[in-house]
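Have a look at input_23.cif below; it lists mmCIF, C-alpha atoms.
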data_data
#
loop_
_atom_site.label_atom_id
_atom_site.label_comp_id
_atom_site.auth_asym_id
_atom_site.auth_seq_id
_atom_site.Cartn_x
_atom_site.Cartn_y
_atom_site.Cartn_z
CA MET A 1 89.14 145.04 123.02
CA THR A 2 91.60 144.14 125.71
CA GLU A 3 91.61 144.23 129.47
CA MET A 4 93.25 147.29 130.99
CA ASN A 5 96.60 146.88 132.68
CA LEU A 6 98.62 149.44 134.57
CA ARG A 7 102.35 149.62 135.10
CA ILE A 8 104.04 152.38 137.02
CA SER A 9 107.59 153.56 136.56
CA GLN A 10 109.57 156.43 138.03
CA MET A 11 111.61 158.34 135.49
CA GLN A 12 113.75 161.40 135.61
CA GLY A 13 113.27 164.53 133.57
CA SER A 14 114.29 167.85 135.07
CA VAL A 15 112.29 166.56 138.02
CA PRO A 16 111.15 163.06 138.99
CA VAL A 17 108.19 161.99 136.90
CA THR A 18 105.74 159.22 137.69
CA VAL A 19 104.80 157.43 134.49
CA MET A 20 101.53 155.51 134.38
CA HIS A 21 101.72 153.06 131.48
CA VAL A 22 98.18 152.09 130.48
CA SER A 23 97.53 149.22 128.13
CA GLY A 24 94.16 147.88 127.06
CA ASP A 25 90.79 149.61 127.06
CA ILE A 26 89.72 152.39 129.40
CA ASP A 27 85.94 152.24 129.81
CA ALA A 28 83.31 152.72 132.51
CA SER A 29 84.40 149.47 134.09
CA SER A 30 88.19 149.65 133.93
CA HIS A 31 88.67 153.36 134.67
CA GLN A 32 88.21 152.75 138.40
CA ALA A 33 91.54 150.95 138.65
CA LEU A 34 93.20 153.89 136.90
CA ASP A 35 91.52 156.35 139.29
CA ASP A 36 92.48 154.30 142.35
CA LYS A 37 96.11 153.97 141.32
CA ALA A 38 96.36 157.68 140.53
CA ASP A 39 94.87 158.51 143.96
CA GLU A 40 97.38 156.21 145.61
CA LEU A 41 100.29 157.80 143.75
CA ILE A 42 99.17 161.36 144.45
CA ASN A 43 98.50 160.58 148.11
CA GLY A 44 102.01 159.15 148.17
CA GLY A 45 103.46 162.42 146.91
CA ALA A 46 103.49 162.11 143.11
CA ARG A 47 103.04 165.55 141.56
CA GLN A 48 104.31 165.17 137.99
CA ILE A 49 102.42 162.43 136.18
CA LEU A 50 102.86 161.27 132.61
CA LEU A 51 100.05 159.09 131.34
CA ASP A 52 101.58 156.77 128.75
CA LEU A 53 98.81 155.80 126.36
CA SER A 54 101.07 154.17 123.76
CA GLN A 55 99.35 150.81 124.30
CA ASN A 56 95.86 152.15 124.85
CA ALA A 57 93.65 151.71 121.81
CA TYR A 58 90.20 152.46 123.23
CA MET A 59 88.97 155.13 125.58
CA SER A 60 85.40 156.15 126.33
CA SER A 61 84.28 159.23 128.22
CA ALA A 62 85.20 157.36 131.40
CA GLY A 63 88.85 157.76 130.44
CA LEU A 64 88.43 161.46 129.87
CA ARG A 65 86.77 161.75 133.28
CA SER A 66 89.69 159.89 134.82
CA MET A 67 92.14 162.33 133.28
CA HIS A 68 90.02 165.20 134.55
CA LYS A 69 89.99 163.68 138.03
CA ILE A 70 93.76 163.19 138.06
CA LEU A 71 94.35 166.76 136.90
CA THR A 72 91.95 168.13 139.51
CA SER A 73 93.71 166.16 142.26
CA LEU A 74 97.09 167.47 141.15
CA ASN A 75 95.78 171.03 141.01
CA ASN A 76 94.39 170.64 144.52
CA SER A 77 97.71 169.36 145.84
CA GLY A 78 98.95 172.90 146.47
CA ASP A 79 102.03 172.30 144.35
CA ASP A 80 102.25 174.82 141.52
CA ALA A 81 104.57 172.51 139.62
CA ALA A 82 102.12 169.61 139.70
CA GLY A 83 100.94 168.53 136.30
CA LEU A 84 99.52 165.81 134.08
CA LYS A 85 100.76 165.19 130.55
CA LEU A 86 100.01 162.54 127.96
CA LEU A 87 102.31 160.34 125.90
CA ASN A 88 101.23 158.89 122.56
CA PRO A 89 97.46 158.87 122.79
CA SER A 90 95.98 157.14 119.72
CA ASP A 91 94.56 159.22 116.88
CA LYS A 92 91.08 158.21 118.07
CA VAL A 93 91.82 159.44 121.58
CA LYS A 94 93.36 162.67 120.26
CA SER A 95 90.26 163.22 118.13
CA LEU A 96 88.05 162.53 121.14
CA MET A 97 90.01 164.99 123.25
CA LYS A 98 89.73 167.62 120.53
CA THR A 99 85.98 167.07 120.18
CA MET A 100 85.50 167.31 123.92
CA GLY A 101 87.77 170.33 124.27
CA PHE A 102 90.39 168.52 126.34
CA ASP A 103 93.23 169.06 123.88
CA GLN A 104 93.71 172.66 125.01
CA HIS A 105 94.50 171.69 128.57
CA LEU A 106 96.45 168.45 128.53
CA PRO A 107 99.86 168.60 126.82
CA VAL A 108 100.43 165.69 124.46
CA PHE A 109 103.83 164.29 123.48
CA GLY A 110 104.91 161.71 120.94
CA ASP A 111 108.34 161.11 122.45
CA LEU A 112 109.04 159.90 125.98
CA ASN A 113 112.24 161.88 126.51
CA GLU A 114 110.68 165.05 125.23
CA ALA A 115 107.74 164.48 127.56
CA LEU A 116 110.02 163.93 130.55
CA ARG A 117 112.07 167.03 129.77
CA SER A 118 108.95 169.15 129.64
CA PHE A 119 108.13 168.74 133.32
CA MET B 1 65.03 144.60 93.79
CA ALA B 2 63.57 145.38 97.21
CA ASN B 3 66.00 146.58 99.81
CA GLU B 4 66.13 144.18 102.72
CA THR B 5 66.76 144.90 106.34
CA LYS B 6 68.43 142.05 108.12
CA PHE B 7 69.45 141.30 111.66
CA LEU B 8 73.17 141.35 112.36
CA ILE B 9 72.44 140.84 116.07
CA ASP B 10 69.11 139.27 117.02
CA ASN B 11 68.07 139.68 120.65
CA LEU B 12 71.46 139.40 122.32
CA ARG B 13 70.81 139.51 126.09
CA VAL B 14 73.60 140.75 128.29
CA ASP B 15 73.60 141.17 132.06
CA ALA B 16 73.64 144.87 132.82
CA GLU B 17 77.06 144.97 134.44
CA LEU B 18 79.94 147.28 133.63
CA LYS B 19 82.29 144.33 133.28
CA ASN B 20 80.28 143.28 130.21
CA LEU B 21 80.93 146.49 128.29
CA ALA B 22 84.00 145.03 126.56
CA SER B 23 82.11 141.97 125.34
CA ILE B 24 79.25 144.19 124.16
CA ARG B 25 81.72 146.28 122.17
CA ARG B 26 83.23 143.14 120.70
CA ALA B 27 79.82 141.79 119.64
CA LEU B 28 78.81 145.10 118.09
CA THR B 29 82.10 145.52 116.25
CA ASP B 30 82.01 141.97 114.89
CA ALA B 31 78.43 142.39 113.71
CA ALA B 32 78.92 145.82 112.18
CA SER B 33 81.98 144.51 110.33
CA LYS B 34 79.58 142.44 108.21
CA SER B 35 78.27 145.66 106.70
CA ASP B 36 80.03 148.04 104.36
CA MET B 37 80.44 150.62 107.09
CA PRO B 38 84.05 151.84 107.18
CA LYS B 39 86.05 150.72 110.22
CA ASP B 40 86.44 154.21 111.66
CA ASP B 41 82.68 154.70 111.53
CA ILE B 42 82.13 151.30 113.13
CA ASP B 43 84.47 152.32 115.95
CA ASP B 44 82.57 155.58 116.41
CA PHE B 45 79.20 153.81 116.40
CA CYS B 46 80.40 151.26 118.94
CA LEU B 47 81.76 154.03 121.14
CA ALA B 48 78.30 155.63 121.14
CA ALA B 49 76.75 152.29 122.04
CA ASP B 50 79.30 151.78 124.82
CA GLU B 51 78.44 155.18 126.29
CA ALA B 52 74.72 154.38 126.10
CA CYS B 53 75.13 150.98 127.75
CA ALA B 54 77.28 152.48 130.49
CA ASN B 55 74.52 155.02 131.17
CA ILE B 56 71.85 152.32 131.23
CA ILE B 57 73.88 150.23 133.66
CA GLN B 58 75.03 153.01 135.96
CA HIS B 59 72.07 155.37 135.91
CA GLY B 60 69.17 153.27 134.62
CA TYR B 61 69.60 150.18 136.72
CA GLY B 62 71.87 151.71 139.35
CA ASP B 63 72.47 148.99 141.92
CA ALA B 64 69.63 146.81 140.57
CA GLN B 65 70.24 143.74 138.44
CA GLY B 66 68.88 143.50 134.96
CA GLU B 67 69.72 142.95 131.35
CA ILE B 68 70.22 144.84 128.15
CA ARG B 69 68.68 143.36 125.01
CA ILE B 70 70.56 144.25 121.87
CA ASN B 71 69.46 144.13 118.26
CA MET B 72 71.44 145.42 115.33
CA LEU B 73 69.90 145.70 111.90
CA LEU B 74 71.55 146.37 108.58
CA ALA B 75 69.49 148.48 106.21
CA SER B 76 70.57 149.54 102.76
CA SER B 77 72.62 152.48 103.87
CA HIS B 78 72.61 152.48 107.63
CA LEU B 79 72.93 150.44 110.78
CA ILE B 80 70.20 150.50 113.40
CA LEU B 81 71.02 149.55 116.96
CA ASN B 82 68.30 148.96 119.53
CA LEU B 83 69.20 148.82 123.20
CA GLU B 84 66.32 147.77 125.45
CA ASP B 85 66.24 147.49 129.19
CA ASP B 86 63.76 147.03 132.04
CA ALA B 87 65.12 149.70 134.32
CA PRO B 88 62.77 152.32 135.75
CA GLU B 89 62.00 155.01 133.24
CA PHE B 90 65.35 156.41 132.24
CA ASP B 91 66.46 158.22 129.15
CA PRO B 92 70.17 157.48 128.54
CA LEU B 93 70.30 160.67 126.49
CA SER B 94 69.55 162.83 129.48
CA GLU B 95 72.18 163.82 131.97
CA ALA B 96 71.83 166.15 134.91
CA LYS B 97 74.52 168.49 133.70
CA GLY B 98 75.59 169.31 130.19
CA ALA B 99 79.19 169.07 129.13
CA ASP B 100 81.13 172.27 129.58
CA LEU B 101 83.68 172.57 126.79
CA VAL B 102 84.64 176.18 127.45
CA ALA B 103 85.86 176.55 131.01
CA PRO B 104 89.43 175.54 131.85
CA LEU B 105 89.64 171.79 132.17
CA GLU B 106 90.34 171.87 135.87
CA LEU B 107 87.12 173.79 136.42
CA ARG B 108 84.86 171.67 134.30
CA LEU B 109 82.25 169.30 135.56
CA PRO B 110 82.93 165.77 134.43
CA GLY B 111 79.31 165.01 133.57
CA GLY B 112 77.58 165.20 130.22
CA LEU B 113 80.37 163.79 128.11
CA GLY B 114 78.72 160.43 127.49
CA VAL B 115 75.58 161.91 125.95
CA LEU B 116 77.67 164.28 123.86
CA MET B 117 79.65 161.33 122.54
CA ILE B 118 76.47 159.43 121.70
CA ARG B 119 75.16 162.37 119.70
CA GLN B 120 78.52 163.11 118.06
CA ASN B 121 78.97 159.55 116.83
CA THR B 122 75.50 158.73 115.56
CA ASP B 123 73.19 160.26 112.97
CA SER B 124 70.16 159.67 115.14
CA ALA B 125 69.60 158.74 118.77
CA VAL B 126 66.02 158.31 119.94
CA TYR B 127 64.69 157.26 123.32
CA GLU B 128 61.25 155.82 123.94
CA LYS B 129 59.47 153.95 126.66
CA THR B 130 58.44 150.43 125.72
CA LYS B 131 54.93 149.03 126.10
CA THR B 132 56.13 146.89 128.99
CA GLY B 133 57.41 149.90 130.89
CA GLY B 134 61.05 149.54 129.98
CA ASN B 135 63.28 151.73 127.88
CA ARG B 136 64.47 151.53 124.30
CA LEU B 137 67.25 153.55 122.78
CA THR B 138 67.61 153.45 119.01
CA LEU B 139 70.89 154.56 117.49
CA VAL B 140 71.32 154.97 113.74
CA LYS B 141 74.43 155.60 111.71
CA TYR B 142 74.57 156.00 107.93
CA PHE B 143 77.35 154.90 105.66
#

Before we go any further, please render this structure as structure tokens.
Amino acid sequence: MTEMNLRISQMQGSVPVTVMHVSGDIDASSHQALDDKADELINGGARQILLDLSQNAYMSSAGLRSMHKILTSLNNSGDDAAGLKLLNPSDKVKSLMKTMGFDQHLPVFGDLNEALRSF
Amino acid sequence: MANETKFLIDNLRVDAELKNLASIRRALTDAASKSDMPKDDIDDFCLAADEACANIIQHGYGDAQGEIRINMLLASSHLILNLEDDAPEFDPLSEAKGADLVAPLELRLPGGLGVLMIRQNTDSAVYEKTKTGGNRLTLVKYF
């Protein structure tokens, strides 16, 4: 159980991709910082977002709601190319997404370069 | 030999604040680790408890201050977790909207997931009002 930390990097696939590196736990307390940062990035023009969950070991439904919120914001941006993808969610998170039906709608990648190329 | 039920957590009182969810999870995980419950099941049980506590804090107490009283018991083949609070009558297992798992993600309402995760990760989840007018949620998981 570790405090959530966020680091943002800009990477290049076929288009510029904003990568949100999340470490620590995403729960009903910490998800707000994730939501706020995503809002800030999207308001600043980010349209292709890769959520790097390589260092995220715990996620409650709050994390799923955050992902939903980010995806909704991107869909509402008016940019058809806008999208949210995931990098290296843990097996627990993948299982959670599958149980909740999220796995059908959020592409998941195990390799950063492959994820970047997919945008 | 009679089967004994023993306390793994005896009346742990935690301020009902979201920032305390991590320490609640830590306490529950540490206690449950004293049983023979497999780690994956412990993680699932603690996730359910986390969802329940988040509901109590956000929807039970709302902006009011209060506490959650936590007891965990080890029975022969299951763990029993009691979460008690003094919020106005509130069933953490009820949510205004159920989870929609069918519609495209971007169309789905974000509510209802917490309750679904409580039910998915426990073998029993029962709400009752306490004699003092508070709420008690009892979660059970077998191993």

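Taking only C-alpha atoms into account, chain A lies nearest to B:Leu113 out of the set B:Leu113, B:Met37, B:Leu12, B:Ala52.
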
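Counting only C-alpha atoms and comparing A:Ser54, A:Ser61, A:Asn43, A:Asn88, the residue that lies closest to A:Ser73 is A:Asn43.
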
- [ ] Using the chain letters and numbers from the file, give me the residues hit by the PyMOL selection byres ((chain A) within 9 of (chain B)), as number ranges by chain.
- [x] A: 1-3, 25, 27-30, 58-62, 64-66, 68-69, 71-72, 75, 92, 96, 99-102, 104-106

Go ahead and write the residues just picked, C-alpha atoms, as a PDB file, keeping the file's coordinate frame.
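Written file, again-v4.pdb:
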ATOM      1  CA  MET A   1      89.140 145.040 123.020  1.00  0.00           C
ATOM      2  CA  THR A   2      91.600 144.140 125.710  1.00  0.00           C
ATOM      3  CA  GLU A   3      91.610 144.230 129.470  1.00  0.00           C
ATOM      4  CA  ASP A  25      90.790 149.610 127.060  1.00  0.00           C
ATOM      5  CA  ASP A  27      85.940 152.240 129.810  1.00  0.00           C
ATOM      6  CA  ALA A  28      83.310 152.720 132.510  1.00  0.00           C
ATOM      7  CA  SER A  29      84.400 149.470 134.090  1.00  0.00           C
ATOM      8  CA  SER A  30      88.190 149.650 133.930  1.00  0.00           C
ATOM      9  CA  TYR A  58      90.200 152.460 123.230  1.00  0.00           C
ATOM     10  CA  MET A  59      88.970 155.130 125.580  1.00  0.00           C
ATOM     11  CA  SER A  60      85.400 156.150 126.330  1.00  0.00           C
ATOM     12  CA  SER A  61      84.280 159.230 128.220  1.00  0.00           C
ATOM     13  CA  ALA A  62      85.200 157.360 131.400  1.00  0.00           C
ATOM     14  CA  LEU A  64      88.430 161.460 129.870  1.00  0.00           C
ATOM     15  CA  ARG A  65      86.770 161.750 133.280  1.00  0.00           C
ATOM     16  CA  SER A  66      89.690 159.890 134.820  1.00  0.00           C
ATOM     17  CA  HIS A  68      90.020 165.200 134.550  1.00  0.00           C
ATOM     18  CA  LYS A  69      89.990 163.680 138.030  1.00  0.00           C
ATOM     19  CA  LEU A  71      94.350 166.760 136.900  1.00  0.00           C
ATOM     20  CA  THR A  72      91.950 168.130 139.510  1.00  0.00           C
ATOM     21  CA  ASN A  75      95.780 171.030 141.010  1.00  0.00           C
ATOM     22  CA  LYS A  92      91.080 158.210 118.070  1.00  0.00           C
ATOM     23  CA  LEU A  96      88.050 162.530 121.140  1.00  0.00           C
ATOM     24  CA  THR A  99      85.980 167.070 120.180  1.00  0.00           C
ATOM     25  CA  MET A 100      85.500 167.310 123.920  1.00  0.00           C
ATOM     26  CA  GLY A 101      87.770 170.330 124.270  1.00  0.00           C
ATOM     27  CA  PHE A 102      90.390 168.520 126.340  1.00  0.00           C
ATOM     28  CA  GLN A 104      93.710 172.660 125.010  1.00  0.00           C
ATOM     29  CA  HIS A 105      94.500 171.690 128.570  1.00  0.00           C
ATOM     30  CA  LEU A 106      96.450 168.450 128.530  1.00  0.00           C
TER      31      LEU A 106
END

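Run against this file, the PyMOL selection byres ((chain B and resi 15) around 9) gives back Arg13, Val14, Ala16, Glu17, Leu18, Asn20, Gln65, Gly66, Glu67, Ile68 and Arg69 of chain B.
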
Please check which residues have atoms at most 8 Å from (97.3, 160.9, 140.1) in the file's coordinates, counting only C-alpha atoms, and write them as a PDB file with C-alpha atoms, in the coordinates of the input.
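File written: result-v7.pdb
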ATOM      1  CA  ASP A  35      91.520 156.350 139.290  1.00  0.00           C
ATOM      2  CA  LYS A  37      96.110 153.970 141.320  1.00  0.00           C
ATOM      3  CA  ALA A  38      96.360 157.680 140.530  1.00  0.00           C
ATOM      4  CA  ASP A  39      94.870 158.510 143.960  1.00  0.00           C
ATOM      5  CA  GLU A  40      97.380 156.210 145.610  1.00  0.00           C
ATOM      6  CA  LEU A  41     100.290 157.800 143.750  1.00  0.00           C
ATOM      7  CA  ILE A  42      99.170 161.360 144.450  1.00  0.00           C
ATOM      8  CA  ALA A  46     103.490 162.110 143.110  1.00  0.00           C
ATOM      9  CA  ARG A  47     103.040 165.550 141.560  1.00  0.00           C
ATOM     10  CA  ILE A  49     102.420 162.430 136.180  1.00  0.00           C
ATOM     11  CA  ILE A  70      93.760 163.190 138.060  1.00  0.00           C
ATOM     12  CA  LEU A  71      94.350 166.760 136.900  1.00  0.00           C
ATOM     13  CA  SER A  73      93.710 166.160 142.260  1.00  0.00           C
ATOM     14  CA  LEU A  74      97.090 167.470 141.150  1.00  0.00           C
TER      15      LEU A  74
END

Open item on the list: Could you list, as a count of residues only, every residue matched by the PyMOL selection byres ((chain A and resi 4-11) around 6) in this structure?
Closed with: 12

Once all heavy atoms are restored for stretch 128-139 of chain B, what would the output be as an mmCIF file, in the coordinates of the input?
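Result went into part_14.cif, see below:
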data_model
loop_
_atom_site.group_PDB
_atom_site.id
_atom_site.type_symbol
_atom_site.label_atom_id
_atom_site.label_comp_id
_atom_site.auth_asym_id
_atom_site.auth_seq_id
_atom_site.Cartn_x
_atom_site.Cartn_y
_atom_site.Cartn_z
ATOM 1 N N GLU B 128 62.682 155.987 123.742
ATOM 2 C CA GLU B 128 61.250 155.820 123.940
ATOM 3 C C GLU B 128 61.015 154.806 125.056
ATOM 4 O O GLU B 128 61.842 153.932 125.317
ATOM 5 C CB GLU B 128 60.579 155.349 122.648
ATOM 6 C CG GLU B 128 61.135 154.051 122.111
ATOM 7 C CD GLU B 128 60.588 153.696 120.735
ATOM 8 O OE1 GLU B 128 59.424 154.033 120.437
ATOM 9 O OE2 GLU B 128 61.337 153.091 119.949
ATOM 10 N N LYS B 129 59.872 154.963 125.683
ATOM 11 C CA LYS B 129 59.470 153.950 126.660
ATOM 12 C C LYS B 129 58.845 152.787 125.895
ATOM 13 O O LYS B 129 58.179 152.988 124.873
ATOM 14 C CB LYS B 129 58.409 154.518 127.604
ATOM 15 C CG LYS B 129 58.968 155.361 128.727
ATOM 16 C CD LYS B 129 57.916 155.650 129.779
ATOM 17 C CE LYS B 129 57.480 154.367 130.476
ATOM 18 N NZ LYS B 129 56.585 154.644 131.619
ATOM 19 N N THR B 130 59.058 151.582 126.379
ATOM 20 C CA THR B 130 58.440 150.430 125.720
ATOM 21 C C THR B 130 57.057 150.161 126.322
ATOM 22 O O THR B 130 56.713 150.679 127.393
ATOM 23 C CB THR B 130 59.303 149.165 125.883
ATOM 24 O OG1 THR B 130 59.329 148.817 127.279
ATOM 25 C CG2 THR B 130 60.723 149.397 125.386
ATOM 26 N N LYS B 131 56.295 149.333 125.627
ATOM 27 C CA LYS B 131 54.930 149.030 126.100
ATOM 28 C C LYS B 131 54.947 148.321 127.437
ATOM 29 O O LYS B 131 53.981 148.370 128.198
ATOM 30 C CB LYS B 131 54.208 148.154 125.068
ATOM 31 C CG LYS B 131 53.891 148.859 123.771
ATOM 32 C CD LYS B 131 52.946 148.007 122.908
ATOM 33 C CE LYS B 131 52.531 148.724 121.641
ATOM 34 N NZ LYS B 131 53.581 148.825 120.637
ATOM 35 N N THR B 132 56.059 147.637 127.740
ATOM 36 C CA THR B 132 56.130 146.890 128.990
ATOM 37 C C THR B 132 56.746 147.733 130.111
ATOM 38 O O THR B 132 57.050 147.207 131.185
ATOM 39 C CB THR B 132 56.976 145.614 128.799
ATOM 40 O OG1 THR B 132 58.228 145.983 128.193
ATOM 41 C CG2 THR B 132 56.258 144.620 127.906
ATOM 42 N N GLY B 133 56.931 149.005 129.843
ATOM 43 C CA GLY B 133 57.410 149.900 130.890
ATOM 44 C C GLY B 133 58.917 150.034 130.960
ATOM 45 O O GLY B 133 59.454 150.670 131.862
ATOM 46 N N GLY B 134 59.597 149.416 130.014
ATOM 47 C CA GLY B 134 61.050 149.540 129.980
ATOM 48 C C GLY B 134 61.482 150.699 129.098
ATOM 49 O O GLY B 134 60.693 151.606 128.791
ATOM 50 N N ASN B 135 62.722 150.646 128.680
ATOM 51 C CA ASN B 135 63.280 151.730 127.880
ATOM 52 C C ASN B 135 63.897 151.160 126.608
ATOM 53 O O ASN B 135 64.449 150.056 126.606
ATOM 54 C CB ASN B 135 64.386 152.452 128.668
ATOM 55 C CG ASN B 135 63.934 152.857 130.056
ATOM 56 O OD1 ASN B 135 63.212 153.828 130.226
ATOM 57 N ND2 ASN B 135 64.360 152.092 131.058
ATOM 58 N N ARG B 136 63.797 151.921 125.541
ATOM 59 C CA ARG B 136 64.470 151.530 124.300
ATOM 60 C C ARG B 136 65.197 152.737 123.744
ATOM 61 O O ARG B 136 64.633 153.819 123.607
ATOM 62 C CB ARG B 136 63.474 151.033 123.259
ATOM 63 C CG ARG B 136 64.168 150.603 121.942
ATOM 64 C CD ARG B 136 63.193 150.263 120.822
ATOM 65 N NE ARG B 136 62.371 149.133 121.171
ATOM 66 C CZ ARG B 136 61.039 149.200 121.258
ATOM 67 N NH1 ARG B 136 60.407 150.331 121.022
ATOM 68 N NH2 ARG B 136 60.349 148.110 121.575
ATOM 69 N N LEU B 137 66.448 152.514 123.436
ATOM 70 C CA LEU B 137 67.250 153.550 122.780
ATOM 71 C C LEU B 137 67.594 153.035 121.394
ATOM 72 O O LEU B 137 68.071 151.905 121.254
ATOM 73 C CB LEU B 137 68.530 153.826 123.568
ATOM 74 C CG LEU B 137 69.442 154.913 122.999
ATOM 75 C CD1 LEU B 137 68.768 156.275 123.069
ATOM 76 C CD2 LEU B 137 70.767 154.948 123.754
ATOM 77 N N THR B 138 67.318 153.829 120.385
ATOM 78 C CA THR B 138 67.610 153.450 119.010
ATOM 79 C C THR B 138 68.670 154.383 118.443
ATOM 80 O O THR B 138 68.470 155.595 118.382
ATOM 81 C CB THR B 138 66.348 153.482 118.137
ATOM 82 O OG1 THR B 138 65.371 152.595 118.692
ATOM 83 C CG2 THR B 138 66.669 153.049 116.704
ATOM 84 N N LEU B 139 69.789 153.807 118.067
ATOM 85 C CA LEU B 139 70.890 154.560 117.490
ATOM 86 C C LEU B 139 71.018 154.197 116.014
ATOM 87 O O LEU B 139 70.928 153.024 115.656
ATOM 88 C CB LEU B 139 72.216 154.246 118.193
ATOM 89 C CG LEU B 139 72.239 154.412 119.717
ATOM 90 C CD1 LEU B 139 73.621 154.020 120.264
ATOM 91 C CD2 LEU B 139 71.895 155.824 120.116
#
